[in-house]
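Everything below belongs to query_11.cif, which stores mmCIF, C-alpha atoms.
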```cif
data_coords
#
loop_
_atom_site.label_atom_id
_atom_site.label_comp_id
_atom_site.auth_asym_id
_atom_site.auth_seq_id
_atom_site.Cartn_x
_atom_site.Cartn_y
_atom_site.Cartn_z
CA MET A 1 -177.02 152.62 36.15
CA MET A 2 -173.33 152.29 35.34
CA LEU A 3 -170.99 150.87 37.92
CA GLY A 4 -167.28 150.91 37.44
CA VAL A 5 -163.71 151.79 38.13
CA VAL A 6 -163.65 155.29 39.57
CA HIS A 7 -161.59 157.96 41.22
CA ARG A 8 -161.70 157.89 45.01
CA GLU A 9 -163.65 161.17 45.11
CA GLU A 10 -166.29 159.66 42.83
CA TYR A 11 -166.43 156.64 45.11
CA ARG A 12 -166.94 158.95 48.10
CA ARG A 13 -169.90 160.63 46.38
CA SER A 14 -171.62 157.55 44.99
CA GLY A 15 -170.50 154.50 46.92
CA HIS A 16 -171.38 152.47 43.79
CA SER A 17 -167.99 151.35 42.50
CA ARG A 18 -167.14 147.67 42.70
CA LEU A 19 -163.50 148.08 41.59
CA ALA A 20 -161.13 151.01 41.71
CA VAL A 21 -157.93 151.83 39.90
CA LEU A 22 -157.07 155.13 41.52
CA GLY A 23 -156.07 157.80 39.04
CA MET A 24 -157.85 156.30 36.02
CA THR A 25 -161.45 155.74 34.96
CA LEU A 26 -162.67 152.72 33.02
CA ALA A 27 -166.23 152.07 31.88
CA LEU A 28 -167.90 148.95 33.16
CA GLY A 29 -171.55 147.94 32.89
CA LEU A 30 -173.32 145.48 35.14
CA ALA A 31 -176.17 143.45 33.70
CA ALA A 32 -178.01 141.60 36.45
CA THR A 33 -180.69 139.92 34.39
CA GLY A 34 -180.37 141.23 30.84
CA VAL A 35 -177.60 141.99 28.37
CA ALA A 36 -177.06 145.44 26.90
CA ARG A 37 -175.93 145.54 23.28
CA GLY A 38 -172.27 146.18 22.65
CA GLU A 39 -171.12 144.90 26.03
CA PRO A 40 -167.75 143.15 26.27
CA LEU A 41 -167.92 139.37 26.53
CA THR A 42 -165.25 136.89 27.58
CA ILE A 43 -165.56 133.33 26.30
CA VAL A 44 -164.05 130.38 28.14
CA VAL A 45 -163.72 127.16 26.17
CA LEU A 46 -163.89 124.31 28.65
CA PRO A 47 -162.26 121.11 27.32
CA PRO A 48 -164.29 118.06 28.40
CA SER A 49 -162.71 114.98 29.92
CA GLN A 50 -162.87 113.25 26.51
CA ALA A 51 -162.10 114.80 23.15
CA GLY A 52 -165.19 116.60 21.85
CA PRO A 53 -166.44 117.14 18.29
CA GLU A 54 -164.54 120.44 18.04
CA SER A 55 -160.98 121.14 19.04
CA GLU A 56 -160.43 124.21 21.21
CA PRO A 57 -159.08 126.36 18.31
CA ALA A 58 -161.93 125.21 16.03
CA LEU A 59 -164.53 125.97 18.70
CA GLU A 60 -163.00 129.39 19.33
CA ARG A 61 -163.23 130.16 15.61
CA ALA A 62 -166.82 128.97 15.52
CA LEU A 63 -167.67 131.13 18.52
CA GLY A 64 -166.15 134.18 16.85
CA ALA A 65 -168.04 133.54 13.62
CA GLY A 66 -171.32 132.62 15.32
CA LEU A 67 -171.33 135.76 17.48
CA ALA A 68 -170.08 138.15 14.80
CA ASP A 69 -173.55 139.64 14.31
CA ALA A 70 -174.44 139.78 18.01
CA ASP A 71 -173.03 143.30 18.52
CA LEU A 72 -170.65 142.05 21.20
CA GLU A 73 -167.06 142.92 21.89
CA LEU A 74 -165.18 139.65 22.42
CA VAL A 75 -162.33 140.35 24.82
CA ASP A 76 -159.67 138.39 26.67
CA GLY A 77 -160.98 138.94 30.18
CA PHE A 78 -158.15 136.92 31.71
CA ALA A 79 -155.43 139.15 30.28
CA MET A 80 -157.41 142.28 31.15
CA ALA A 81 -157.99 141.10 34.72
CA LYS A 82 -154.32 140.32 35.25
CA SER A 83 -153.30 143.68 33.78
CA ALA A 84 -155.74 145.57 36.01
CA LEU A 85 -154.47 143.71 39.07
CA LEU A 86 -150.84 144.48 38.31
CA GLU A 87 -151.72 148.13 37.64
CA GLY A 88 -153.16 148.48 41.13
CA ALA A 89 -156.87 147.74 40.79
CA VAL A 90 -158.56 147.12 44.12
CA PRO A 91 -162.09 146.05 45.10
CA GLU A 92 -164.28 148.93 46.21
CA GLY A 93 -164.35 147.63 49.79
CA ASP A 94 -160.63 148.37 50.06
CA LEU A 95 -161.41 152.08 49.77
CA ALA A 96 -163.55 152.15 52.90
CA PRO A 97 -160.62 153.05 55.23
CA PHE A 98 -160.12 156.26 53.20
CA LEU A 99 -163.54 157.55 54.12
CA GLN A 100 -163.38 156.29 57.70
CA ALA A 101 -159.97 157.90 58.24
CA GLU A 102 -161.12 161.20 56.76
CA GLU A 103 -164.20 161.24 58.97
CA LEU A 104 -162.09 160.59 62.07
CA LEU A 105 -159.65 163.28 60.97
CA GLU A 106 -162.47 165.81 60.78
CA GLU A 107 -163.91 164.69 64.11
CA GLY A 108 -160.52 164.76 65.81
CA TRP A 109 -159.61 168.22 64.57
CA ARG A 110 -163.03 169.56 65.48
CA SER A 111 -162.54 168.18 69.00
CA TYR A 112 -159.16 169.92 69.21
CA LEU A 113 -160.73 173.24 68.26
CA GLU A 114 -163.27 172.61 71.02
CA VAL A 115 -160.37 172.28 73.47
CA ARG A 116 -160.69 168.53 73.94
CA ALA A 117 -157.07 167.64 73.15
CA SER A 118 -156.95 164.16 74.69
CA PHE A 119 -160.07 163.04 72.81
CA ALA A 120 -158.72 164.66 69.63
CA ALA A 121 -155.41 162.81 69.93
CA ALA A 122 -157.21 159.48 70.31
CA ARG A 123 -159.37 160.13 67.26
CA LEU A 124 -156.43 161.25 65.13
CA ALA A 125 -154.35 158.25 66.17
CA GLU A 126 -157.21 155.98 65.13
CA ALA A 127 -157.51 157.86 61.84
CA ARG A 128 -153.82 157.30 61.09
CA THR A 129 -154.09 153.59 61.81
CA LEU A 130 -156.90 153.35 59.26
CA ALA A 131 -154.98 155.47 56.76
CA LEU A 132 -152.00 153.12 56.96
CA ALA A 133 -154.23 150.39 55.52
CA VAL A 134 -154.55 152.39 52.28
CA ALA A 135 -151.18 154.14 52.31
CA HIS A 136 -150.11 152.12 49.26
CA LEU A 137 -153.02 153.48 47.19
CA GLU A 138 -153.06 156.82 45.41
CA GLY A 139 -153.90 159.52 47.93
CA GLY A 140 -152.94 157.33 50.87
CA ARG A 141 -149.60 158.94 51.69
CA PRO A 142 -150.94 162.53 51.64
CA LEU A 143 -153.73 161.39 53.96
CA VAL A 144 -151.21 159.89 56.41
CA ALA A 145 -149.23 163.14 56.15
CA GLU A 146 -152.21 165.38 56.93
CA ILE A 147 -153.30 163.27 59.88
CA SER A 148 -149.73 163.21 61.23
CA LEU A 149 -149.43 167.00 60.95
CA ARG A 150 -152.60 167.63 62.92
CA LEU A 151 -151.78 164.88 65.41
CA GLY A 152 -148.46 166.62 66.04
CA VAL A 153 -150.23 169.92 66.71
CA VAL A 154 -152.52 168.22 69.23
CA LYS A 155 -149.61 166.48 70.95
CA LEU A 156 -147.91 169.84 71.46
CA ASP A 157 -150.89 170.95 73.54
CA LEU A 158 -150.55 167.72 75.54
CA ALA A 159 -146.87 168.46 76.28
CA ARG A 160 -145.72 165.51 74.15
CA SER A 161 -143.26 167.58 72.16
CA ALA A 162 -140.89 164.74 71.19
CA GLU A 163 -143.74 162.73 69.67
CA ALA A 164 -145.04 165.86 67.98
CA ALA A 165 -141.64 166.42 66.35
CA ASP A 166 -141.69 162.88 64.95
CA ASP A 167 -145.18 163.44 63.54
CA PHE A 168 -144.13 166.75 61.98
CA ARG A 169 -141.12 165.18 60.28
CA LEU A 170 -143.21 162.32 58.91
CA SER A 171 -145.79 164.77 57.57
CA HIS A 172 -143.11 166.81 55.82
CA ILE A 173 -141.44 163.72 54.30
CA LEU A 174 -144.71 162.45 52.85
CA ALA A 175 -146.08 165.84 51.75
CA PRO A 176 -143.15 168.26 51.41
CA GLY A 177 -145.27 170.79 49.54
CA ARG A 178 -147.78 171.17 52.39
CA ALA A 179 -147.54 174.74 53.71
CA VAL A 180 -147.68 175.10 57.50
CA THR A 181 -148.29 178.76 58.37
CA ASP A 182 -149.78 181.03 61.03
CA ALA A 183 -152.86 181.43 58.83
CA GLU A 184 -153.92 177.89 59.74
CA PHE A 185 -152.10 176.96 62.96
CA LYS A 186 -150.96 178.59 66.18
CA PRO A 187 -147.58 180.36 65.94
CA GLU A 188 -146.04 177.98 68.50
CA ALA A 189 -147.15 175.00 66.39
CA VAL A 190 -145.56 176.52 63.28
CA GLN A 191 -142.34 177.18 65.19
CA ALA A 192 -142.27 173.60 66.52
CA TYR A 193 -142.89 172.26 63.01
CA ASP A 194 -139.99 174.27 61.56
CA ALA A 195 -137.70 173.21 64.40
CA ALA A 196 -138.53 169.55 63.86
CA LEU A 197 -137.37 169.77 60.26
CA ALA A 198 -133.83 170.73 61.28
CA ALA A 199 -131.56 167.91 60.07
CA PRO A 200 -131.50 165.13 62.66
CA SER A 201 -128.90 162.35 62.78
CA VAL A 202 -128.94 159.67 60.11
CA VAL A 203 -129.29 155.93 60.71
CA HIS A 204 -128.25 153.16 58.35
CA LEU A 205 -130.87 150.43 57.79
CA ARG A 206 -130.75 147.02 56.17
CA THR A 207 -133.73 145.39 54.50
CA ILE A 208 -133.99 141.59 54.23
CA PRO A 209 -134.99 139.53 52.37
CA GLN A 210 -135.90 140.91 48.95
CA ARG A 211 -137.95 138.20 47.23
CA PRO A 212 -138.42 138.26 43.44
CA GLY A 213 -141.57 140.26 42.75
CA LEU A 214 -141.60 141.88 46.18
CA ARG A 215 -141.35 145.69 46.18
CA LEU A 216 -140.56 147.90 49.13
CA TRP A 217 -141.17 151.63 49.57
CA ILE A 218 -139.93 153.90 52.34
CA ASP A 219 -141.58 157.32 52.55
CA GLY A 220 -142.91 156.96 49.02
CA SER A 221 -139.59 156.06 47.39
CA GLU A 222 -138.99 152.53 46.19
CA VAL A 223 -136.04 150.77 47.80
CA PHE A 224 -133.53 149.00 45.56
CA GLY A 225 -130.78 146.97 47.16
CA ASP A 226 -130.49 145.96 50.79
CA SER A 227 -129.64 149.18 52.60
CA VAL A 228 -130.99 152.70 53.06
CA ARG A 229 -130.11 155.76 55.14
CA LEU A 230 -132.91 157.47 57.04
CA SER A 231 -133.20 160.33 59.49
CA GLU A 232 -134.44 159.73 63.01
CA GLY A 233 -138.17 159.93 63.60
CA LEU A 234 -141.11 158.19 61.94
CA HIS A 235 -141.02 156.68 58.45
CA LEU A 236 -143.68 154.99 56.34
CA ILE A 237 -142.76 151.48 55.18
CA GLU A 238 -144.84 149.81 52.45
CA ALA A 239 -144.50 146.35 50.91
CA LYS A 240 -146.29 145.03 47.82
CA GLU A 241 -146.29 141.76 45.91
CA PRO A 242 -148.68 140.47 43.22
CA GLY A 243 -151.17 138.09 44.76
CA SER A 244 -150.73 139.45 48.30
CA VAL A 245 -152.44 142.08 50.42
CA SER A 246 -150.18 145.14 50.56
CA ARG A 247 -149.02 146.18 54.01
CA SER A 248 -147.83 149.46 55.55
CA LYS A 249 -146.29 150.28 58.92
CA LEU A 250 -144.62 153.17 60.68
CA LEU A 251 -140.97 152.70 61.60
CA SER A 252 -139.63 154.73 64.52
CA ILE A 253 -135.93 155.57 64.45
CA SER A 254 -134.13 157.00 67.46
CA PRO A 255 -130.62 158.53 67.40
CA GLY A 256 -129.21 155.14 68.43
CA GLY A 257 -130.98 153.14 65.71
CA ALA A 258 -134.26 151.33 65.33
CA ALA A 259 -135.70 148.08 66.57
CA PRO A 260 -136.33 145.55 63.78
CA ILE A 261 -139.83 145.47 62.37
CA SER A 262 -141.46 143.06 59.94
CA LEU A 263 -144.18 143.32 57.36
CA THR A 264 -145.87 139.99 56.69
CA LEU A 265 -147.76 139.83 53.40
CA GLU A 266 -150.83 137.64 53.52
CA PRO A 267 -152.14 136.04 50.30
CA ASP A 268 -155.05 137.74 48.55
CA ALA A 269 -157.28 134.84 47.50
CA THR A 270 -159.17 136.79 44.83
CA ALA A 271 -155.98 138.22 43.31
CA GLN A 272 -154.40 134.78 43.24
CA ARG A 273 -157.39 133.43 41.34
CA VAL A 274 -156.79 136.14 38.73
CA LEU A 275 -153.12 135.19 38.50
CA ARG A 276 -154.03 131.52 38.02
CA GLY A 277 -156.00 132.49 34.93
CA ARG A 278 -157.63 129.64 33.03
CA THR A 279 -156.52 126.98 35.50
CA GLY A 280 -159.39 128.18 37.68
CA PHE A 281 -161.76 126.89 34.98
CA SER A 282 -160.60 123.28 35.00
CA VAL A 283 -163.12 120.49 34.64
CA GLY A 284 -164.22 118.99 37.94
CA ARG A 285 -164.16 122.17 40.03
CA THR A 286 -166.81 122.47 42.73
CA GLU A 287 -169.54 125.06 42.36
CA GLY A 288 -167.86 127.18 45.03
CA GLN A 289 -164.49 127.07 43.28
CA ALA A 290 -166.10 127.81 39.93
CA ARG A 291 -168.01 130.80 41.31
CA ASP A 292 -164.85 132.18 42.94
CA ALA A 293 -162.96 131.92 39.64
CA VAL A 294 -165.77 133.56 37.63
CA THR A 295 -166.28 136.33 40.20
CA ALA A 296 -162.55 137.11 40.37
CA MET A 297 -162.29 137.38 36.59
CA LEU A 298 -165.40 139.56 36.30
CA LEU A 299 -164.26 141.77 39.18
CA TYR A 300 -160.81 142.59 37.84
CA SER A 301 -161.59 142.76 34.12
CA GLN A 302 -163.77 145.13 32.10
CA THR A 303 -165.88 142.13 31.13
CA GLU A 304 -169.42 142.24 32.50
CA GLN A 305 -170.43 138.83 31.25
CA LEU A 306 -168.76 135.53 30.64
CA LEU A 307 -169.79 132.62 28.44
CA VAL A 308 -168.44 129.18 29.36
CA VAL A 309 -168.75 126.72 26.47
CA SER A 310 -167.82 123.08 25.94
CA SER A 311 -168.08 120.88 22.85
CA VAL A 312 -169.19 117.34 23.74
CA TRP A 313 -170.66 114.20 22.23
CA ARG A 314 -174.26 113.50 23.23
CA ARG A 315 -175.72 110.13 22.21
CA GLY A 316 -173.27 109.98 19.33
CA GLU A 317 -174.09 113.48 18.03
CA PRO A 318 -172.12 116.74 18.48
CA ALA A 319 -173.50 119.28 20.95
CA LEU A 320 -172.56 122.51 22.66
CA LEU A 321 -173.02 123.11 26.36
CA GLY A 322 -173.03 126.72 27.52
CA GLN A 323 -173.68 128.91 30.53
CA ARG A 324 -173.68 132.73 30.74
CA CYS A 325 -172.57 134.40 33.99
CA SER A 326 -172.56 137.97 35.29
CA GLY A 327 -172.79 139.99 38.48
CA MET A 328 -171.06 140.30 41.87
CA PRO A 329 -171.02 137.59 43.11
CA ALA A 330 -171.48 135.75 39.86
CA TYR A 331 -174.79 134.16 38.97
CA CYS A 332 -175.41 132.24 35.78
CA SER A 333 -178.06 130.93 33.46
CA ALA A 334 -178.94 127.27 33.55
CA VAL A 335 -176.61 125.11 31.43
CA VAL A 336 -178.00 125.03 27.90
CA GLU A 337 -177.45 122.12 25.49
CA ILE A 338 -177.62 122.72 21.73
CA GLY A 339 -177.19 119.89 19.23
CA TYR A 340 -175.90 120.59 15.73
CA PRO A 341 -175.91 117.47 13.52
CA ALA A 342 -176.80 119.48 10.42
CA GLY A 343 -176.22 123.20 10.87
CA GLY A 344 -172.63 123.07 12.05
CA ALA A 345 -170.94 124.65 15.04
CA ASN A 346 -171.45 128.24 13.85
CA VAL A 347 -175.23 127.81 13.75
CA ALA A 348 -175.15 126.06 17.12
CA VAL A 349 -173.19 128.96 18.64
CA THR A 350 -175.78 131.47 17.44
CA GLU A 351 -178.61 129.40 18.91
CA LEU A 352 -176.70 128.87 22.16
CA TRP A 353 -176.15 132.61 22.62
CA ARG A 354 -179.76 133.43 21.75
CA THR A 355 -180.92 130.98 24.41
CA VAL A 356 -178.60 131.96 27.26
CA GLN A 357 -179.10 135.66 26.51
CA LYS A 358 -182.78 135.32 27.39
CA ALA A 359 -182.27 133.04 30.37
CA PRO A 360 -182.39 134.57 33.88
CA LEU A 361 -179.21 134.47 35.95
CA ARG A 362 -180.30 132.39 38.92
CA PHE A 363 -177.72 129.64 39.28
CA PRO A 364 -174.10 129.29 40.37
CA PRO A 365 -171.47 128.34 37.76
CA THR A 366 -172.05 124.61 37.29
CA LEU A 367 -170.70 123.67 33.86
CA GLN A 368 -167.27 122.74 35.25
CA ALA A 369 -168.93 120.13 37.47
CA ASP A 370 -171.54 119.03 34.91
CA SER A 371 -171.49 115.25 34.37
CA ARG A 372 -171.77 115.80 30.60
CA VAL A 373 -168.33 117.45 30.74
CA VAL A 374 -166.71 115.62 33.66
CA SER A 375 -167.75 112.17 32.37
CA ALA A 376 -167.96 113.07 28.71
CA GLU A 377 -168.86 110.54 26.04
CA THR A 378 -166.18 109.32 23.68
CA ALA A 379 -166.45 110.00 19.96
CA PRO A 380 -168.60 107.59 17.97
CA GLY A 381 -166.49 104.59 17.05
CA ALA A 382 -163.69 105.52 19.46
CA THR A 383 -162.09 102.48 21.09
CA GLY A 384 -159.91 103.96 23.79
CA LYS A 385 -161.00 105.44 27.07
CA GLY A 386 -158.13 107.87 27.31
CA LYS A 387 -158.71 111.56 27.54
CA GLY A 388 -158.50 113.82 24.56
CA LYS A 389 -155.29 115.55 23.63
CA SER A 390 -154.45 118.53 25.79
CA THR A 391 -151.59 120.95 26.25
CA PRO A 392 -148.74 119.41 28.27
CA LEU A 393 -148.63 120.88 31.74
CA TRP A 394 -145.09 122.10 31.31
CA LYS A 395 -146.18 124.13 28.25
CA ASN A 396 -149.20 125.73 29.95
CA PRO A 397 -148.29 129.36 30.81
CA TRP A 398 -151.29 129.68 33.13
CA LEU A 399 -149.96 126.80 35.22
CA TRP A 400 -146.73 128.69 35.75
CA LEU A 401 -148.70 131.76 36.81
CA GLY A 402 -150.73 129.66 39.20
CA ALA A 403 -147.63 128.02 40.63
CA ALA A 404 -146.00 131.41 41.11
CA ALA A 405 -149.06 132.75 42.87
CA ALA A 406 -149.15 129.71 45.14
CA THR A 407 -145.71 130.57 46.53
CA VAL A 408 -146.79 133.99 47.76
CA ALA A 409 -148.08 132.95 51.19
CA GLY A 410 -145.91 133.93 54.11
CA SER A 411 -143.76 136.57 52.39
CA ALA A 412 -142.08 138.85 54.88
CA VAL A 413 -139.95 141.99 54.81
CA TYR A 414 -137.65 142.74 57.72
CA LEU A 415 -135.97 146.02 58.49
CA LEU A 416 -132.80 145.74 60.53
CA ALA A 417 -131.15 148.79 62.00
CA GLU A 418 -127.39 149.23 62.10
CA PRO A 419 -125.16 152.00 63.45
CA ASP A 420 -124.30 154.70 60.93
CA ALA A 421 -120.88 153.11 60.40
CA GLY A 422 -122.58 150.40 58.36
CA THR A 423 -121.28 147.41 60.30
CA SER A 424 -123.17 144.16 60.67
CA VAL A 425 -124.18 144.83 64.29
CA PHE A 426 -127.96 144.80 64.53
CA VAL A 427 -129.98 146.83 66.97
CA GLY A 428 -132.26 144.36 68.71
CA ASN A 429 -131.79 140.66 69.35
CA PRO A 430 -129.87 139.19 66.40
CA CYS A 431 -131.08 135.70 67.38
CA ASP A 432 -134.54 136.72 66.18
CA PHE A 433 -133.10 136.97 62.66
CA GLY A 434 -130.88 133.90 62.57
CA GLY A 435 -127.78 135.71 63.75
CA CYS A 436 -126.93 133.31 66.62
#
```
Show me the file's structure as structure tokens.
Amino acid sequence: MMLGVVHREEYRRSGHSRLAVLGMTLALGLAATGVARGEPLTIVVLPPSQAGPESEPALERALGAGLADADLELVDGFAMAKSALLEGAVPEGDLAPFLQAEELLEEGWRSYLEVRASFAAARLAEARTLALAVAHLEGGRPLVAEISLRLGVVKLDLARSAEAADDFRLSHILAPGRAVTDAEFKPEAVQAYDAALAAPSVVHLRTIPQRPGLRLWIDGSEVFGDSVRLSEGLHLIEAKEPGSVSRSKLLSISPGGAAPISLTLEPDATAQRVLRGRTGFSVGRTEGQARDAVTAMLLYSQTEQLLVVSSVWRRGEPALLGQRCSGMPAYCSAVVEIGYPAGGANVAVTELWRTVQKAPLRFPPTLQADSRVVSAETAPGATGKGKGKSTPLWKNPWLWLGAAAATVAGSAVYLLAEPDAGTSVFVGNPCDFGGC
């Protein structure tokens, strides 16, 4: 069975996807205990605490040569995972609110047709709350629009005409091509919808602060700069930032302005592990940290299996340590040790892959915490106890990515309303925003 990145409609039918990039389809295979030929493989070279027999570039070359006949596609899973994340990939669980909101929409509208308007309004309001959680994904805004349209129709029957007008305007802003006619709705609902679209007054809004990397959308249009002009009524505000959970809210604007609202972006732990890249595979990580790093990389990349390898000295002889991992969450083979005093690294790589390929995936990632790597032997005849040569921290691009991701926590977007004249007078308590 193939699992993979799917369209939302395919997810609805199958429920099997583990990752979704809405609007595109990528092939992924999941091997729980065996390895299908031709599958992509990511290799992670894990430098031991002491310099090993092979340098990282030499070991990478040996791995490429030793696996050349294994019918594998060697890929950079780290780069692919980061690219997928920045292109909008989300774990399959993030799609659940779509289905829940659509089910509540159907239930709410059915209740309205059965002349249970109060119950219908409650169900539709709940559906819109769920839809806001996925408004930033493809198909999210039209879903919010459809729910808002039908919620407005129900509110008309409940004599809540002002709220209905706000819902109608929001629906039209998010889905302007949605036809609202007598063929589908009562004539009075169509008339109220058309009346609500008559140009209301305009309010000037300020947005603060705009952090580097933070992106803000209002009603589906990205905001550039620190001010926008919006009509009165409801508006959909969305904020996104790499490494954070995207947030959406509804902003209500009255003729006199709007109360300030904030969108606080919480860090997405899995996404931040992807942004940290290879730093998540440092020597000395706990089994839990290692599993989180492996799982994050497998989740967001097209790689279905990962081979972690380290070149070490064992009793004065060169050896390779390796562990193959796959699955969600990741499980691995036992750590395999292959010596190569005569055959060379290429032969050792072939034997290592043959061994781990057959091994069942029963264990957590443990190579990063393995004593043979953490407390590695020095080279035969070596006198010093210092660690082997490594890339200076300030030259490590993955460190910069990790440091950038670490600053994400606590990001916030504030919307401050001003009179249409564009002065600096805020609607609401300016002390809440450092204005005192």
- Message: Residue by residue, what does the PyMOL selection byres ((chain A and resi 160-167) around 8) grab here? Present the result as a list in words.
- Response: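 Residues picked by the PyMOL selection byres ((chain A and resi 160-167) around 8): Ser148, Leu149, Leu151, Gly152, Val153, Val154, Lys155, Leu156, Asp157, Leu158, Ala159, Phe168, Arg169, Leu170, Ser171, Ala192, Tyr193, Ala196, Gly233 and Leu234 of chain A.
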- Task: With a distance cut-off of 7 Å and all atoms listed in the file, select the neighbouring residues of stretch 296-312 of chain A, excluding the residue or stretch itself and same-chain residues fewer than 4 positions from it, and output the selection as a PyMOL selection string.
- Result: chain A and resi 19+28-31+40-48+52-54+77-78+80-81+84-85+270+273-274+292+318-326+376
- Have a look at atom CA of A:Ile261 and atom CA of A:Arg141 and let me know their distance in Å, one decimal.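 Between atom CA of A:Ile261 and atom CA of A:Arg141 the gap is 19.8 Å.
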- Would you please work out which residue, of A:Thr181, A:Ser55, A:Thr295, A:Ser49, is nearest to A:Ala369 when using all atoms listed in the file?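 For A:Ala369, the nearest of the candidates is A:Ser49.
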- Message: Just the number, please: distance in Å from atom CA of A:Ile147 to atom CA of A:Ser221, one decimal.
- Response: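 Computing the Euclidean distance for atom CA of A:Ile147 and atom CA of A:Ser221 yields 19.9 Å.
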- Task: Identify, on the basis of all atoms listed in the file, every residue whose closest approach to stretch 349-355 of chain A does not exceed 8 Å; exclude the query and any residue fewer than 5 positions from it along the same chain; express the result as a PyMOL selection string.
- Result: chain A and resi 62-63+66-67+320+322+336-338
- Task: Calculate how many Å separate atom CA of A:Gly243 from atom CA of A:Gly88, rounding to one decimal.
- Result: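 Spanning atom CA of A:Gly243 to atom CA of A:Gly88 is a straight-line distance of 11.2 Å.
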Distance cut-off 9 Å, centre (-161.0, 160.7, 58.8) in file coordinates, counting only C-alpha atoms: which residues qualify? Return them as a tab-separated table (two decimals) with C-alpha atoms, in the frame of the given file.
```tsv
chain	number	residue	atom	x	y	z
A	97	PRO	CA	-160.62	153.05	55.23
A	98	PHE	CA	-160.12	156.26	53.20
A	99	LEU	CA	-163.54	157.55	54.12
A	100	GLN	CA	-163.38	156.29	57.70
A	101	ALA	CA	-159.97	157.90	58.24
A	102	GLU	CA	-161.12	161.20	56.76
A	103	GLU	CA	-164.20	161.24	58.97
A	104	LEU	CA	-162.09	160.59	62.07
A	105	LEU	CA	-159.65	163.28	60.97
A	106	GLU	CA	-162.47	165.81	60.78
A	107	GLU	CA	-163.91	164.69	64.11
A	108	GLY	CA	-160.52	164.76	65.81
A	123	ARG	CA	-159.37	160.13	67.26
A	124	LEU	CA	-156.43	161.25	65.13
A	126	GLU	CA	-157.21	155.98	65.13
A	127	ALA	CA	-157.51	157.86	61.84
A	128	ARG	CA	-153.82	157.30	61.09
A	130	LEU	CA	-156.90	153.35	59.26
A	131	ALA	CA	-154.98	155.47	56.76
A	143	LEU	CA	-153.73	161.39	53.96
A	147	ILE	CA	-153.30	163.27	59.88
```
